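Undergrad: One structure coming up, written as structure tokens, with questions to follow.
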Amino acid sequence: MAKEALARERLFALRETIARMEGRPLSPLDDAGTPLAPGGQEEAAGTRPPERLPLGVPLVDEALSGGLPAAGMAEIRTAELRDAGASTGLALSLCAFLARQAEGTGADPAFLFIGERKVALEAGEPFAPGLADHGLGLRRLFHAAPRRLEEALWLAEAALSSRAFRAVVLEIAGNPRRFGLGESRRLSLRARHAGSLLLLLRQGGGEEAGSTLFRLEASPSRSGHYRLPDGRMLGGTIGAPGFAVRVEKASHPALSSLPQAIAFEWIAHERLFALPDASLPPVRNPAGPAHPGARLPAPADRPDRAQALGAVLAFSRAS
Amino acid sequence: MRLMALDRKALEAGLKPGQGLAEARAMCLGLDAVPADPQADRQFLAALADWCSRYTPLVARDGMDGLFLDITGCSHLFGGEEGLIADALSRLSAMGLEVEGAIADTPGLAWAVARFTPAAAPQARIVPTGERAERLAPLPVQALRLDPLVVEGLTKAGLRLAGDLLALPRAPLARRFGPMPLLRLDQATGREDEPISPRLPVAGLSCERRLAEPVTREEDILFLAGELARGLLPMLEQRGLGGRLFELSLFRVDGAVFHVHAGSSRPLRDARRIEALFAGRFAALQEDLDAGYGFETARLSVSHAEPLESRQMDLGRPAETADSLADFIDQASARFGPDCLKMPVLLESHLPERASALVPAREGLAAEAGPPASASPFRPVRPIRLFRYPEPVEAVAEVPDGPPVQFRWRRAVHRVVKAEGPERIGAEWWIDGEEAPTRDYYRIEDEDGRRYWLYRQGLYDREPAQPRWFMHGLFA
């Protein structure tokens, strides 16, 4: 009996050490029946668990043990590079969400997007009008496209240490060898000390050990319908951007690697997350079709269009 | 092949510039000839001009083989005019150059004395204000920087020395030989003003330090930069200015001069921050800045300054973020160049690729006060990622001018589940010309839920070219 208690105590001590190193609160699931006293040595600067911002989607908040951490490093990855739209959308939504949280406090949060050139070639560059549509203010948004990964890491670290940014998005392609556990740990500590969020956006990469608070796999998700002002859904339209997110790593061990993905939406003009609403069936356009009247069905095999006859004269130029 | 320039030994051997190389080889057996490289000569002269900026900031080039230094108000720093010219000539000859120099009130006279007075005592190199005409008189007319044809005419008329011209009545001289001889005479004697054009703009403020012992270590140079910045502060404060662009000139013992520029995103009047700017620059320069045997002189100049508004400190809220953001921008720009950090801005164009631009963060921050270009409120949503070059896709549409049912992009087939559109965007004919095709944009969702922005370029029947499909962006 005494031996067992001793072993349990050692196990508990080890868990506590690991939890402190990872900067997360001790999970109540760690030990059966023992309520864990918060505080203690964890109160030391930098090791205190970061506060969480609930995203407003219960499932996701639960998986992230309370929501989005206010400081630290988090990873969002996609398995394939062509899903970059979903992961970029999620990361930028989180930035816009943070910006909305800061409203009214007098702070004017700035954001930095460090993009990799390879991803820009494969999946396009961030597009300012689209970012504005997505709910991000362009006035405090910075973009960097460094040539090499080392430069990107330097920029991310310098940006975090300057404490000028509320969140830094660092985009990398795949699992580069030069971004390993050491670099990840370094950036994570830097982010935690600076009190800002570092979102690591791994486009087209596999799971990799890292010093992140959580890791989400983002994949595209079928969108709902456009919401009409009276709350009904307009059929045949593409609704709010949605993501399917699978939690691969979380501070809550039991919630890590949940098999199923959670799909949720980003309502850009209100800047909040919501679960897709499929309660009401979509309606036809209440205003009626744009061109009322009997419409002929599209012929299945209609003749080819008339070919241009003879030489085309440049009338427009001649006149 | 002709001889361009000769050294003293060759001149003693009787060779002349302009002589054929074969003839010169025949006259002088051991002739060592190297091809002329005017470009390298020019660079060398520019480097020398840089080096001469230790005496005065106003250094102008004179042809291919001379420099004008405007030393007004500088000579007392070097122990008077004698001290300055002795110092300059001895240092330059220590570098292995054969140099002649003279100090006079006018560039013309200094040019004439330097080139046509045989090397003599240091006093002979300096022309006192009262003796301009006397010193000019014994020199040949070539010393007046005249066209060779004019010189020939003057010589034929028996006017060999500048003094002969000085004695003649002016009107007949001008009638016979044109205005140049008189102009040059007046310029040499100071009756006519002759400005020199300095190579580099003069910095408004600068601070310099000469070291007894050359420094090589980066920390020492940085410390020196900080000290120099501290020396600049009272001057900046007095004028109510802050520096935006700084130049640190480092003079190496062997005569090479390095200029390191560092810019800041807002006017600076803080030695620590200026030092930090240069720390960033040095980190980026590492290999390019070769300290060699060390730097003996350093000068910090403010190339561009702007009024610095004094700000009242806010007791309630620390104004930290604005400063820290500017600091970060400076730090990053010093290391990777001003283009490394950018800010997206909206532009007034309806064509997607022209609707936004990335401007360097420094300018973006400065332009913050201006009214933001607002996007049109009534337009369909735009993608968050846009391809710089739209990628061609093979699309199959149900009806020719409708949305695609499926398309092949990068060798993968995507089935379209939902489509919104078309949004017709016409070309900007005032830029692209009237022939540019119209585009029909569709927002498309495939069966996995990926959302794309596709467009068909060209209209069926109405535009001559066969329409093609392109992928232009990704939605969230």
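Order determines the names: the first chain of the structure tokens is A, the second B, and so forth; residues in each chain are numbered 1 upward, and ligands are numbered 1 upward as they are shown.
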Using only C-alpha atoms, which chain A residues lie at most 6 Å away from chain B, written as an MDAnalysis selection string?
TA: chainID A and resid 85:86 89 124:128 130:131 142:144 162 164 220:222 241
Undergrad: Give me the residues within 6 Å of stretch 213-219 of chain A as a list in words, counting only C-alpha atoms and dropping any in the same chain fewer than 2 places off.
TA: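 Result of the neighbour search: Met73, Ala74, Glu75, Ile76, Arg77, Thr78, Ala86, Ser87, Ala244, Val245, Arg246, Val247, Glu248, Lys249 and Ala250 of chain A.
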Undergrad: Extract the full set of alpha helix (DSSP H) residues from stretch 94-220 of chain A according to DSSP on the backbone, and format it as a ChimeraX atom specification.
TA: /A:94-102,117-123,128-133,149-162,181-194
Undergrad: Write out as a PDB file with N, CA, C and O atoms, in the first residue's frame all residues of stretch 55-235 of chain A that backbone DSSP assigns to strand (DSSP E or B).
TA:
ATOM      1  N   LEU A  68      -9.116  30.033 -26.808  1.00  0.00           N
ATOM      2  CA  LEU A  68      -7.856  30.431 -27.426  1.00  0.00           C
ATOM      3  C   LEU A  68      -6.943  31.021 -26.359  1.00  0.00           C
ATOM      4  O   LEU A  68      -7.340  31.920 -25.633  1.00  0.00           O
ATOM      5  N   PRO A  69      -5.732  30.516 -26.221  1.00  0.00           N
ATOM      6  CA  PRO A  69      -4.838  31.105 -25.220  1.00  0.00           C
ATOM      7  C   PRO A  69      -4.461  32.530 -25.620  1.00  0.00           C
ATOM      8  O   PRO A  69      -4.303  32.833 -26.798  1.00  0.00           O
ATOM      9  N   GLY A  72       1.246  32.570 -26.178  1.00  0.00           N
ATOM     10  CA  GLY A  72       1.843  31.270 -26.398  1.00  0.00           C
ATOM     11  C   GLY A  72       1.834  30.925 -27.862  1.00  0.00           C
ATOM     12  O   GLY A  72       1.539  31.758 -28.714  1.00  0.00           O
ATOM     13  N   MET A  73       2.179  29.692 -28.133  1.00  0.00           N
ATOM     14  CA  MET A  73       2.286  29.279 -29.519  1.00  0.00           C
ATOM     15  C   MET A  73       1.264  28.192 -29.795  1.00  0.00           C
ATOM     16  O   MET A  73       1.104  27.274 -29.005  1.00  0.00           O
ATOM     17  N   ALA A  74       0.574  28.331 -30.902  1.00  0.00           N
ATOM     18  CA  ALA A  74      -0.403  27.338 -31.298  1.00  0.00           C
ATOM     19  C   ALA A  74      -0.178  27.000 -32.754  1.00  0.00           C
ATOM     20  O   ALA A  74       0.344  27.822 -33.506  1.00  0.00           O
ATOM     21  N   GLU A  75      -0.519  25.777 -33.117  1.00  0.00           N
ATOM     22  CA  GLU A  75      -0.258  25.360 -34.481  1.00  0.00           C
ATOM     23  C   GLU A  75      -1.550  24.992 -35.188  1.00  0.00           C
ATOM     24  O   GLU A  75      -2.430  24.360 -34.610  1.00  0.00           O
ATOM     25  N   ILE A  76      -1.628  25.443 -36.418  1.00  0.00           N
ATOM     26  CA  ILE A  76      -2.730  25.027 -37.281  1.00  0.00           C
ATOM     27  C   ILE A  76      -2.076  24.405 -38.501  1.00  0.00           C
ATOM     28  O   ILE A  76      -1.197  25.036 -39.102  1.00  0.00           O
ATOM     29  N   ARG A  77      -2.443  23.214 -38.841  1.00  0.00           N
ATOM     30  CA  ARG A  77      -1.790  22.615 -39.996  1.00  0.00           C
ATOM     31  C   ARG A  77      -2.820  22.067 -40.968  1.00  0.00           C
ATOM     32  O   ARG A  77      -3.970  21.807 -40.598  1.00  0.00           O
ATOM     33  N   ALA A 110      -1.895  45.178 -33.352  1.00  0.00           N
ATOM     34  CA  ALA A 110      -1.297  45.013 -34.670  1.00  0.00           C
ATOM     35  C   ALA A 110      -1.046  43.526 -34.902  1.00  0.00           C
ATOM     36  O   ALA A 110      -0.882  42.749 -33.958  1.00  0.00           O
ATOM     37  N   PHE A 111      -1.061  43.143 -36.159  1.00  0.00           N
ATOM     38  CA  PHE A 111      -0.842  41.743 -36.513  1.00  0.00           C
ATOM     39  C   PHE A 111       0.221  41.643 -37.585  1.00  0.00           C
ATOM     40  O   PHE A 111       0.352  42.552 -38.409  1.00  0.00           O
ATOM     41  N   LEU A 112       0.951  40.561 -37.527  1.00  0.00           N
ATOM     42  CA  LEU A 112       2.009  40.348 -38.510  1.00  0.00           C
ATOM     43  C   LEU A 112       1.798  38.988 -39.153  1.00  0.00           C
ATOM     44  O   LEU A 112       1.609  37.995 -38.455  1.00  0.00           O
ATOM     45  N   PHE A 113       1.811  38.972 -40.455  1.00  0.00           N
ATOM     46  CA  PHE A 113       1.698  37.716 -41.197  1.00  0.00           C
ATOM     47  C   PHE A 113       3.027  37.473 -41.893  1.00  0.00           C
ATOM     48  O   PHE A 113       3.423  38.242 -42.750  1.00  0.00           O
ATOM     49  N   ILE A 114       3.720  36.428 -41.476  1.00  0.00           N
ATOM     50  CA  ILE A 114       4.984  36.098 -42.112  1.00  0.00           C
ATOM     51  C   ILE A 114       4.712  34.925 -43.037  1.00  0.00           C
ATOM     52  O   ILE A 114       4.429  33.821 -42.582  1.00  0.00           O
ATOM     53  N   GLU A 125      -1.010  34.731 -52.627  1.00  0.00           N
ATOM     54  CA  GLU A 125      -0.594  35.674 -51.592  1.00  0.00           C
ATOM     55  C   GLU A 125      -1.828  36.243 -50.901  1.00  0.00           C
ATOM     56  O   GLU A 125      -2.888  36.319 -51.504  1.00  0.00           O
ATOM     57  N   PRO A 126      -1.667  36.660 -49.652  1.00  0.00           N
ATOM     58  CA  PRO A 126      -2.806  37.297 -48.981  1.00  0.00           C
ATOM     59  C   PRO A 126      -3.276  38.505 -49.785  1.00  0.00           C
ATOM     60  O   PRO A 126      -2.475  39.292 -50.278  1.00  0.00           O
ATOM     61  N   LEU A 141      -2.141  45.796 -40.074  1.00  0.00           N
ATOM     62  CA  LEU A 141      -1.755  44.463 -40.527  1.00  0.00           C
ATOM     63  C   LEU A 141      -0.454  44.583 -41.313  1.00  0.00           C
ATOM     64  O   LEU A 141      -0.337  45.424 -42.203  1.00  0.00           O
ATOM     65  N   PHE A 142       0.509  43.773 -40.946  1.00  0.00           N
ATOM     66  CA  PHE A 142       1.804  43.813 -41.617  1.00  0.00           C
ATOM     67  C   PHE A 142       2.051  42.475 -42.284  1.00  0.00           C
ATOM     68  O   PHE A 142       1.591  41.450 -41.809  1.00  0.00           O
ATOM     69  N   HIS A 143       2.780  42.541 -43.357  1.00  0.00           N
ATOM     70  CA  HIS A 143       3.039  41.326 -44.117  1.00  0.00           C
ATOM     71  C   HIS A 143       4.522  41.239 -44.425  1.00  0.00           C
ATOM     72  O   HIS A 143       5.136  42.250 -44.783  1.00  0.00           O
ATOM     73  N   ALA A 144       5.094  40.078 -44.238  1.00  0.00           N
ATOM     74  CA  ALA A 144       6.507  39.904 -44.562  1.00  0.00           C
ATOM     75  C   ALA A 144       6.641  38.624 -45.362  1.00  0.00           C
ATOM     76  O   ALA A 144       5.964  37.635 -45.091  1.00  0.00           O
ATOM     77  N   PHE A 165       3.020  43.317 -31.380  1.00  0.00           N
ATOM     78  CA  PHE A 165       1.960  42.624 -32.098  1.00  0.00           C
ATOM     79  C   PHE A 165       1.120  41.802 -31.134  1.00  0.00           C
ATOM     80  O   PHE A 165       1.650  41.168 -30.235  1.00  0.00           O
ATOM     81  N   ARG A 166      -0.174  41.828 -31.368  1.00  0.00           N
ATOM     82  CA  ARG A 166      -1.062  41.002 -30.570  1.00  0.00           C
ATOM     83  C   ARG A 166      -0.905  39.550 -30.987  1.00  0.00           C
ATOM     84  O   ARG A 166      -0.943  38.650 -30.165  1.00  0.00           O
ATOM     85  N   ALA A 167      -0.731  39.330 -32.280  1.00  0.00           N
ATOM     86  CA  ALA A 167      -0.533  37.964 -32.751  1.00  0.00           C
ATOM     87  C   ALA A 167       0.376  37.984 -33.974  1.00  0.00           C
ATOM     88  O   ALA A 167       0.366  38.942 -34.747  1.00  0.00           O
ATOM     89  N   VAL A 168       1.178  36.950 -34.085  1.00  0.00           N
ATOM     90  CA  VAL A 168       2.060  36.800 -35.236  1.00  0.00           C
ATOM     91  C   VAL A 168       1.704  35.480 -35.903  1.00  0.00           C
ATOM     92  O   VAL A 168       1.601  34.459 -35.218  1.00  0.00           O
ATOM     93  N   VAL A 169       1.451  35.519 -37.190  1.00  0.00           N
ATOM     94  CA  VAL A 169       1.166  34.289 -37.922  1.00  0.00           C
ATOM     95  C   VAL A 169       2.423  33.926 -38.698  1.00  0.00           C
ATOM     96  O   VAL A 169       2.922  34.725 -39.494  1.00  0.00           O
ATOM     97  N   LEU A 170       2.958  32.763 -38.424  1.00  0.00           N
ATOM     98  CA  LEU A 170       4.166  32.313 -39.112  1.00  0.00           C
ATOM     99  C   LEU A 170       3.783  31.139 -39.994  1.00  0.00           C
ATOM    100  O   LEU A 170       3.382  30.089 -39.501  1.00  0.00           O
ATOM    101  N   GLU A 171       3.909  31.350 -41.281  1.00  0.00           N
ATOM    102  CA  GLU A 171       3.479  30.323 -42.222  1.00  0.00           C
ATOM    103  C   GLU A 171       4.705  29.562 -42.722  1.00  0.00           C
ATOM    104  O   GLU A 171       5.676  30.190 -43.158  1.00  0.00           O
ATOM    105  N   ILE A 172       4.669  28.247 -42.626  1.00  0.00           N
ATOM    106  CA  ILE A 172       5.766  27.453 -43.183  1.00  0.00           C
ATOM    107  C   ILE A 172       5.169  26.343 -44.040  1.00  0.00           C
ATOM    108  O   ILE A 172       4.033  25.942 -43.839  1.00  0.00           O
ATOM    109  N   ALA A 173       5.968  25.904 -44.973  1.00  0.00           N
ATOM    110  CA  ALA A 173       5.493  24.852 -45.872  1.00  0.00           C
ATOM    111  C   ALA A 173       6.095  23.532 -45.424  1.00  0.00           C
ATOM    112  O   ALA A 173       7.308  23.400 -45.295  1.00  0.00           O
ATOM    113  N   LEU A 197       0.347  36.028 -29.083  1.00  0.00           N
ATOM    114  CA  LEU A 197       0.039  34.707 -29.618  1.00  0.00           C
ATOM    115  C   LEU A 197       0.835  34.491 -30.897  1.00  0.00           C
ATOM    116  O   LEU A 197       0.894  35.373 -31.747  1.00  0.00           O
ATOM    117  N   LEU A 198       1.459  33.347 -30.987  1.00  0.00           N
ATOM    118  CA  LEU A 198       2.138  32.986 -32.225  1.00  0.00           C
ATOM    119  C   LEU A 198       1.359  31.843 -32.858  1.00  0.00           C
ATOM    120  O   LEU A 198       1.238  30.769 -32.261  1.00  0.00           O
ATOM    121  N   LEU A 199       0.835  32.083 -34.021  1.00  0.00           N
ATOM    122  CA  LEU A 199       0.094  31.035 -34.721  1.00  0.00           C
ATOM    123  C   LEU A 199       1.004  30.458 -35.784  1.00  0.00           C
ATOM    124  O   LEU A 199       1.410  31.161 -36.706  1.00  0.00           O
ATOM    125  N   LEU A 200       1.360  29.225 -35.608  1.00  0.00           N
ATOM    126  CA  LEU A 200       2.198  28.558 -36.593  1.00  0.00           C
ATOM    127  C   LEU A 200       1.272  27.908 -37.614  1.00  0.00           C
ATOM    128  O   LEU A 200       0.426  27.098 -37.264  1.00  0.00           O
ATOM    129  N   LEU A 201       1.430  28.302 -38.845  1.00  0.00           N
ATOM    130  CA  LEU A 201       0.542  27.830 -39.903  1.00  0.00           C
ATOM    131  C   LEU A 201       1.359  26.889 -40.771  1.00  0.00           C
ATOM    132  O   LEU A 201       2.183  27.324 -41.561  1.00  0.00           O
ATOM    133  N   ARG A 202       1.148  25.604 -40.578  1.00  0.00           N
ATOM    134  CA  ARG A 202       1.953  24.632 -41.328  1.00  0.00           C
ATOM    135  C   ARG A 202       1.121  24.154 -42.506  1.00  0.00           C
ATOM    136  O   ARG A 202       0.138  23.438 -42.332  1.00  0.00           O
ATOM    137  N   GLN A 203       1.493  24.583 -43.673  1.00  0.00           N
ATOM    138  CA  GLN A 203       0.713  24.250 -44.868  1.00  0.00           C
ATOM    139  C   GLN A 203       1.283  22.998 -45.510  1.00  0.00           C
ATOM    140  O   GLN A 203       2.443  22.961 -45.874  1.00  0.00           O
ATOM    141  N   ARG A 215      -2.548  21.833 -31.229  1.00  0.00           N
ATOM    142  CA  ARG A 215      -2.367  21.740 -32.667  1.00  0.00           C
ATOM    143  C   ARG A 215      -3.689  21.307 -33.285  1.00  0.00           C
ATOM    144  O   ARG A 215      -4.314  20.346 -32.830  1.00  0.00           O
ATOM    145  N   LEU A 216      -4.111  22.051 -34.264  1.00  0.00           N
ATOM    146  CA  LEU A 216      -5.363  21.755 -34.929  1.00  0.00           C
ATOM    147  C   LEU A 216      -5.076  21.384 -36.365  1.00  0.00           C
ATOM    148  O   LEU A 216      -4.209  21.997 -36.989  1.00  0.00           O
ATOM    149  N   GLU A 217      -5.773  20.419 -36.850  1.00  0.00           N
ATOM    150  CA  GLU A 217      -5.692  20.156 -38.274  1.00  0.00           C
ATOM    151  C   GLU A 217      -6.926  20.769 -38.914  1.00  0.00           C
ATOM    152  O   GLU A 217      -8.064  20.415 -38.589  1.00  0.00           O
ATOM    153  N   ALA A 218      -6.684  21.730 -39.785  1.00  0.00           N
ATOM    154  CA  ALA A 218      -7.804  22.402 -40.427  1.00  0.00           C
ATOM    155  C   ALA A 218      -8.007  21.794 -41.794  1.00  0.00           C
ATOM    156  O   ALA A 218      -7.051  21.532 -42.514  1.00  0.00           O
ATOM    157  N   SER A 219      -9.251  21.551 -42.118  1.00  0.00           N
ATOM    158  CA  SER A 219      -9.544  21.094 -43.472  1.00  0.00           C
ATOM    159  C   SER A 219     -10.799  21.823 -43.939  1.00  0.00           C
ATOM    160  O   SER A 219     -11.560  22.331 -43.122  1.00  0.00           O
ATOM    161  N   PRO A 220     -10.977  21.886 -45.235  1.00  0.00           N
ATOM    162  CA  PRO A 220     -12.142  22.629 -45.717  1.00  0.00           C
ATOM    163  C   PRO A 220     -13.428  21.919 -45.330  1.00  0.00           C
ATOM    164  O   PRO A 220     -13.452  20.711 -45.111  1.00  0.00           O
ATOM    165  N   TYR A 226     -26.332  31.306 -47.552  1.00  0.00           N
ATOM    166  CA  TYR A 226     -26.320  32.721 -47.218  1.00  0.00           C
ATOM    167  C   TYR A 226     -27.523  33.026 -46.332  1.00  0.00           C
ATOM    168  O   TYR A 226     -28.636  32.604 -46.628  1.00  0.00           O
ATOM    169  N   ARG A 227     -27.260  33.723 -45.233  1.00  0.00           N
ATOM    170  CA  ARG A 227     -28.326  34.000 -44.287  1.00  0.00           C
ATOM    171  C   ARG A 227     -29.019  35.305 -44.669  1.00  0.00           C
ATOM    172  O   ARG A 227     -28.372  36.339 -44.806  1.00  0.00           O
ATOM    173  N   MET A 233     -32.438  30.895 -44.686  1.00  0.00           N
ATOM    174  CA  MET A 233     -31.270  30.622 -45.510  1.00  0.00           C
ATOM    175  C   MET A 233     -31.673  30.676 -46.983  1.00  0.00           C
ATOM    176  O   MET A 233     -32.725  30.151 -47.353  1.00  0.00           O
ATOM    177  N   LEU A 234     -30.826  31.264 -47.749  1.00  0.00           N
ATOM    178  CA  LEU A 234     -31.110  31.370 -49.177  1.00  0.00           C
ATOM    179  C   LEU A 234     -30.461  30.183 -49.883  1.00  0.00           C
ATOM    180  O   LEU A 234     -29.241  30.001 -49.811  1.00  0.00           O
TER     181      LEU A 234
END
Undergrad: Excluding B:Glu306 and residues on its chain fewer than 6 positions from it, collect all residues at most 12 Å away from it, counting only C-alpha atoms, and give them as a PyMOL selection string.
TA: chain B and resi 204+236-237+239-245+264-269
Undergrad: Given only C-alpha atoms as the basis, pick out the residue of A:Arg186, A:Arg271, A:Arg177, A:Arg20 nearest to A:Leu94.
TA: A:Arg271
Undergrad: If we count only C-alpha atoms and set the cut-off at 10 Å, which residues sit around B:Pro198, ignoring sequence neighbours fewer than 2 positions away in its own chain? Please answer as a ChimeraX atom specification.
TA: /B:49,57-61,67-70,195-196,200-202
Undergrad: Could the residues in this selection be saved with N, CA and C atoms as a PDB file, in the first residue's frame?
TA:
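For reference, part04.pdb as written:
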ATOM      1  N   ALA B  49      37.943  60.626 -53.550  1.00  0.00           N
ATOM      2  CA  ALA B  49      37.095  61.749 -53.163  1.00  0.00           C
ATOM      3  C   ALA B  49      36.440  61.456 -51.824  1.00  0.00           C
ATOM      4  N   PRO B  57      33.415  68.348 -46.367  1.00  0.00           N
ATOM      5  CA  PRO B  57      32.335  67.601 -47.031  1.00  0.00           C
ATOM      6  C   PRO B  57      32.161  67.977 -48.500  1.00  0.00           C
ATOM      7  N   LEU B  58      32.759  69.117 -48.914  1.00  0.00           N
ATOM      8  CA  LEU B  58      32.549  69.574 -50.295  1.00  0.00           C
ATOM      9  C   LEU B  58      33.711  69.117 -51.163  1.00  0.00           C
ATOM     10  N   VAL B  59      33.564  67.976 -51.775  1.00  0.00           N
ATOM     11  CA  VAL B  59      34.599  67.445 -52.651  1.00  0.00           C
ATOM     12  C   VAL B  59      33.986  67.278 -54.026  1.00  0.00           C
ATOM     13  N   ALA B  60      34.631  67.870 -55.042  1.00  0.00           N
ATOM     14  CA  ALA B  60      34.114  67.746 -56.396  1.00  0.00           C
ATOM     15  C   ALA B  60      35.167  67.095 -57.265  1.00  0.00           C
ATOM     16  N   ARG B  61      34.713  66.361 -58.272  1.00  0.00           N
ATOM     17  CA  ARG B  61      35.656  65.744 -59.197  1.00  0.00           C
ATOM     18  C   ARG B  61      36.024  66.727 -60.273  1.00  0.00           C
ATOM     19  N   LEU B  67      40.775  66.547 -58.119  1.00  0.00           N
ATOM     20  CA  LEU B  67      39.682  66.763 -57.171  1.00  0.00           C
ATOM     21  C   LEU B  67      39.745  68.200 -56.694  1.00  0.00           C
ATOM     22  N   PHE B  68      38.603  68.820 -56.573  1.00  0.00           N
ATOM     23  CA  PHE B  68      38.505  70.132 -55.946  1.00  0.00           C
ATOM     24  C   PHE B  68      37.974  69.946 -54.536  1.00  0.00           C
ATOM     25  N   LEU B  69      38.635  70.571 -53.579  1.00  0.00           N
ATOM     26  CA  LEU B  69      38.139  70.535 -52.207  1.00  0.00           C
ATOM     27  C   LEU B  69      37.840  71.965 -51.791  1.00  0.00           C
ATOM     28  N   ASP B  70      36.621  72.203 -51.378  1.00  0.00           N
ATOM     29  CA  ASP B  70      36.290  73.528 -50.851  1.00  0.00           C
ATOM     30  C   ASP B  70      36.581  73.498 -49.357  1.00  0.00           C
ATOM     31  N   PRO B 195      31.478  78.269 -59.146  1.00  0.00           N
ATOM     32  CA  PRO B 195      31.105  77.268 -58.133  1.00  0.00           C
ATOM     33  C   PRO B 195      31.634  75.878 -58.507  1.00  0.00           C
ATOM     34  N   ILE B 196      31.914  75.074 -57.508  1.00  0.00           N
ATOM     35  CA  ILE B 196      32.255  73.676 -57.793  1.00  0.00           C
ATOM     36  C   ILE B 196      31.039  72.833 -57.428  1.00  0.00           C
ATOM     37  N   LEU B 200      28.794  64.600 -53.374  1.00  0.00           N
ATOM     38  CA  LEU B 200      27.732  64.113 -52.498  1.00  0.00           C
ATOM     39  C   LEU B 200      27.043  65.302 -51.853  1.00  0.00           C
ATOM     40  N   PRO B 201      25.759  65.190 -51.601  1.00  0.00           N
ATOM     41  CA  PRO B 201      25.091  66.279 -50.897  1.00  0.00           C
ATOM     42  C   PRO B 201      25.661  66.420 -49.491  1.00  0.00           C
ATOM     43  N   VAL B 202      25.706  67.629 -49.030  1.00  0.00           N
ATOM     44  CA  VAL B 202      26.268  67.857 -47.704  1.00  0.00           C
ATOM     45  C   VAL B 202      25.206  67.566 -46.660  1.00  0.00           C
TER      46      VAL B 202
END
Undergrad: If you count only C-alpha atoms, which residues fall within 9 Å of A:Ile267, apart from same-chain ones fewer than 3 positions away, as a ChimeraX atom specification?
TA: /A:134-135,240-242,270-274
Undergrad: Hey, can you check how far atom CA of A:Ala70 sits from atom CA of A:Arg15?
TA: 23.5 Å
